[in-house]
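To start, the structure itself, in structure tokens.
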Amino acid sequence: MYTWYQRFLNLAAALALTVVVLGAWVRLTDAGLGCPDWPGCYGHLTVPDEAHEHEAAREAFPDKPLDAQKAWHEMIHRYVATTLGLSICAIAGLAFADRRDPKQPVGLPLLLLATVIFQGLLGMWTVTLLVKPLIVVAHLLGGLTTLGLTFWLILEARRQRAFSAPRVQRQGYAPALLALAVLVVQISLGGWTSSNYAALACPDLPGCLGQLWPQEAEFGEAFVLWRGLGINYEGGVLDAAARVAIHLTHRLGALITLVVMIGVAGRVIRRGSQPAAVVTAGWLVIAAVSLQMILGLSTVWFGLPLWVATAHNGGAALLLLSVINLNHAASFRDFRTIGRR
């Protein structure tokens, strides 16, 4: 049973990463409302393709004409997300059934199940609340939380194979936890930038609109989280000055994130006699944050090409996994006592 549990974990992690990347692809192709209803698409489980179905779609949604390409983008995302949800149901079920095995975690698999259920609700609200930025960002964070929890469970399963003891005394390593917290804030800023269509508000580098810090940036309007119901946010509702403020904040956050990641990773790499897993984890963080910075700069420099912008979202997910891996590796007690002689 434990072997099947591990197999489903690997499947779920691959699907979760795919869902995160597909979610970015859907958003960047303006397909978030490609299907204006949920969970189907214009009342069907697939995109309507018959003439009478198109006519029924026009009657049911006169303000949202069917665009088959955008609808398929959205439905592909939903199909993969549904498969992910089913695989997590299997993980939780197997964990609960095998709960008497001391090697089998139960609490985290059940938390993972609760997370993916809430993530499904956020997916529904993303459509029914007309891609409201706050919901879109929460949906992004929910997807990454699902990915992160799945990856942590994979790391724990690998630890079980490496150590005979069912439990190893550990505690959080503060610098790695700080890196994780900073990254979550920066990912949230990235989601806010994308959902408010501010990715190209500053189309030049290294400054913005020919200035180092444009005076016209309007921060008061940029971070209003709730603007009421019934507003269609597709295409964005903010003026240029507010979008500039969002973009500038995301850039500043990127610099802070870069400094924190390199500082934390460099600290664990420089410490003497540390386990090889910790050194490797530190180098992976440096590699991931470097790749993410290159992708972020390329997104602006090349004018938001679809594949680069999508890869930038995937890069955020990989950076998150590398920081989670660092937290896992650095939390072992033997590492915390090394270098204190």
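Residue names in the structure tokens use chain letters A, B, ... in the order shown, residue numbers from 1 in each chain, and ligand numbers from 1 in the order shown.
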Taking 2 positions as the minimum chain separation for residues in the same chain, which residues sit within 12 Å of Gly266 in chain A when counting only C-alpha atoms? Answer as a PyMOL selection string. chain A and resi 175-176+258-264+268-272+278-287+326
Would you write out, as JSON lines, a table of all residues in range 145-249 of chain A that have an atom no more than 8 Å from an atom of range 298-301 of chain A, listing for each the closest atom pair and the distance in Å to one decimal, considering only C-alpha atoms and ordering rows by chain and rising residue number?
{"residue": "A:Ala199", "atom": "CA", "partner": "A:Val300", "partner_atom": "CA", "distance": 7.4}
{"residue": "A:Leu200", "atom": "CA", "partner": "A:Val300", "partner_atom": "CA", "distance": 6.5}
{"residue": "A:Cys202", "atom": "CA", "partner": "A:Val300", "partner_atom": "CA", "distance": 7.7}
{"residue": "A:Pro203", "atom": "CA", "partner": "A:Val300", "partner_atom": "CA", "distance": 5.9}
{"residue": "A:Asp204", "atom": "CA", "partner": "A:Trp301", "partner_atom": "CA", "distance": 6.8}
{"residue": "A:Leu205", "atom": "CA", "partner": "A:Trp301", "partner_atom": "CA", "distance": 7.1}
When you look at Val136 in chain A with a cut-off of 12 Å (counting only C-alpha atoms), what residues show up, excluding the ones that are within fewer than 4 positions of it in the same chain? I need them as a count of residues only. 35
Would you kindly return, as a CSV table (one decimal) with C-alpha atoms, in the first residue's frame, each protein, DNA or RNA residue with an atom no farther than 7 Å from any atom of Ile91 in chain A, considering only C-alpha atoms and excluding same-chain residues fewer than 3 positions away?
chain,number,residue,atom,x,y,z
A,5,TYR,CA,1.0,6.0,-1.9
A,8,PHE,CA,0.4,8.7,-6.4
A,9,LEU,CA,2.5,11.4,-4.7
A,87,SER,CA,-5.0,11.6,-7.4
A,88,ILE,CA,-4.9,13.6,-4.1
A,94,LEU,CA,-4.3,5.4,1.1
A,95,ALA,CA,-2.7,7.3,4.0
A,109,PRO,CA,-2.2,14.0,3.4
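In this comparison, which uses only C-alpha atoms, the residue of A:Gly228, A:Gly315, A:Gly207, A:Gly148 approaching Ser290 in chain A most closely is A:Gly315.
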Write out as a PyMOL selection string all residues of range 125-258 of chain A that DSSP puts in alpha helix (DSSP H) for this structure's backbone. chain A and resi 125-128+133-162+174-195+219-222+240-258
Non-local contacts of Ala201 in chain A (8 Å; only C-alpha atoms; under 4 positions in same chain excluded) as a PyMOL selection string: chain A and resi 240+243-244+247
Kindly give the distance, in Å, that separates CA of Met293 in chain A and CA of Leu255 in chain A, rounded to a single decimal. 8.9 Å
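Between CA of Glu74 in chain A and CA of Tyr42 in chain A the interatomic distance comes to 11.9 Å.
Neighbouring residues of Asp63 in chain A at 12 Å or closer, counting only C-alpha atoms and skipping chain neighbours under 6 positions away, are Leu33, Pro36, Ala57 and Asn232 of chain A.
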Among listed residues A:Leu318, A:Leu66, A:Leu306, A:Ala51, nearest Trp25 in chain A (using only C-alpha atoms): A:Leu306
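Interatomic distance, CA of Ile76 in chain A to CA of Leu319 in chain A: 24.9 Å.
Residues surrounding Ala329 in chain A within 9 Å are A:Pro275, A:Ala277, A:Val278, A:Ala281, A:Ile324, A:Asn325, A:Phe335 [only C-alpha atoms; sequence separation below 4 positions excluded].
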Atoms to include: N, CA and C atoms. Write the selected residues as a PDB file, in the first residue's frame.
ATOM      1  N   PRO A 275      25.968  18.428   5.908  1.00  0.00           N
ATOM      2  CA  PRO A 275      25.608  17.299   5.046  1.00  0.00           C
ATOM      3  C   PRO A 275      25.559  17.701   3.575  1.00  0.00           C
ATOM      4  N   ALA A 277      23.454  16.923   1.383  1.00  0.00           N
ATOM      5  CA  ALA A 277      22.100  17.274   0.943  1.00  0.00           C
ATOM      6  C   ALA A 277      21.811  18.754   1.147  1.00  0.00           C
ATOM      7  N   VAL A 278      22.360  19.341   2.206  1.00  0.00           N
ATOM      8  CA  VAL A 278      22.136  20.758   2.485  1.00  0.00           C
ATOM      9  C   VAL A 278      22.895  21.621   1.490  1.00  0.00           C
ATOM     10  N   ALA A 281      21.061  21.473  -1.727  1.00  0.00           N
ATOM     11  CA  ALA A 281      19.837  22.271  -1.634  1.00  0.00           C
ATOM     12  C   ALA A 281      20.144  23.756  -1.773  1.00  0.00           C
ATOM     13  N   ILE A 324      11.617  24.860  -0.471  1.00  0.00           N
ATOM     14  CA  ILE A 324      11.034  23.816   0.375  1.00  0.00           C
ATOM     15  C   ILE A 324      12.054  22.707   0.613  1.00  0.00           C
ATOM     16  N   ASN A 325      12.786  22.333  -0.436  1.00  0.00           N
ATOM     17  CA  ASN A 325      13.820  21.316  -0.304  1.00  0.00           C
ATOM     18  C   ASN A 325      14.905  21.760   0.667  1.00  0.00           C
ATOM     19  N   PHE A 335      22.361  18.875  11.260  1.00  0.00           N
ATOM     20  CA  PHE A 335      22.856  20.063  10.579  1.00  0.00           C
ATOM     21  C   PHE A 335      22.903  21.252  11.518  1.00  0.00           C
TER      22      PHE A 335
END
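Of the listed residues (A:Gly107, A:Gly253, A:Pro65, A:Pro305), A:Pro65 comes nearest to Pro48 in chain A; the distances count only C-alpha atoms.
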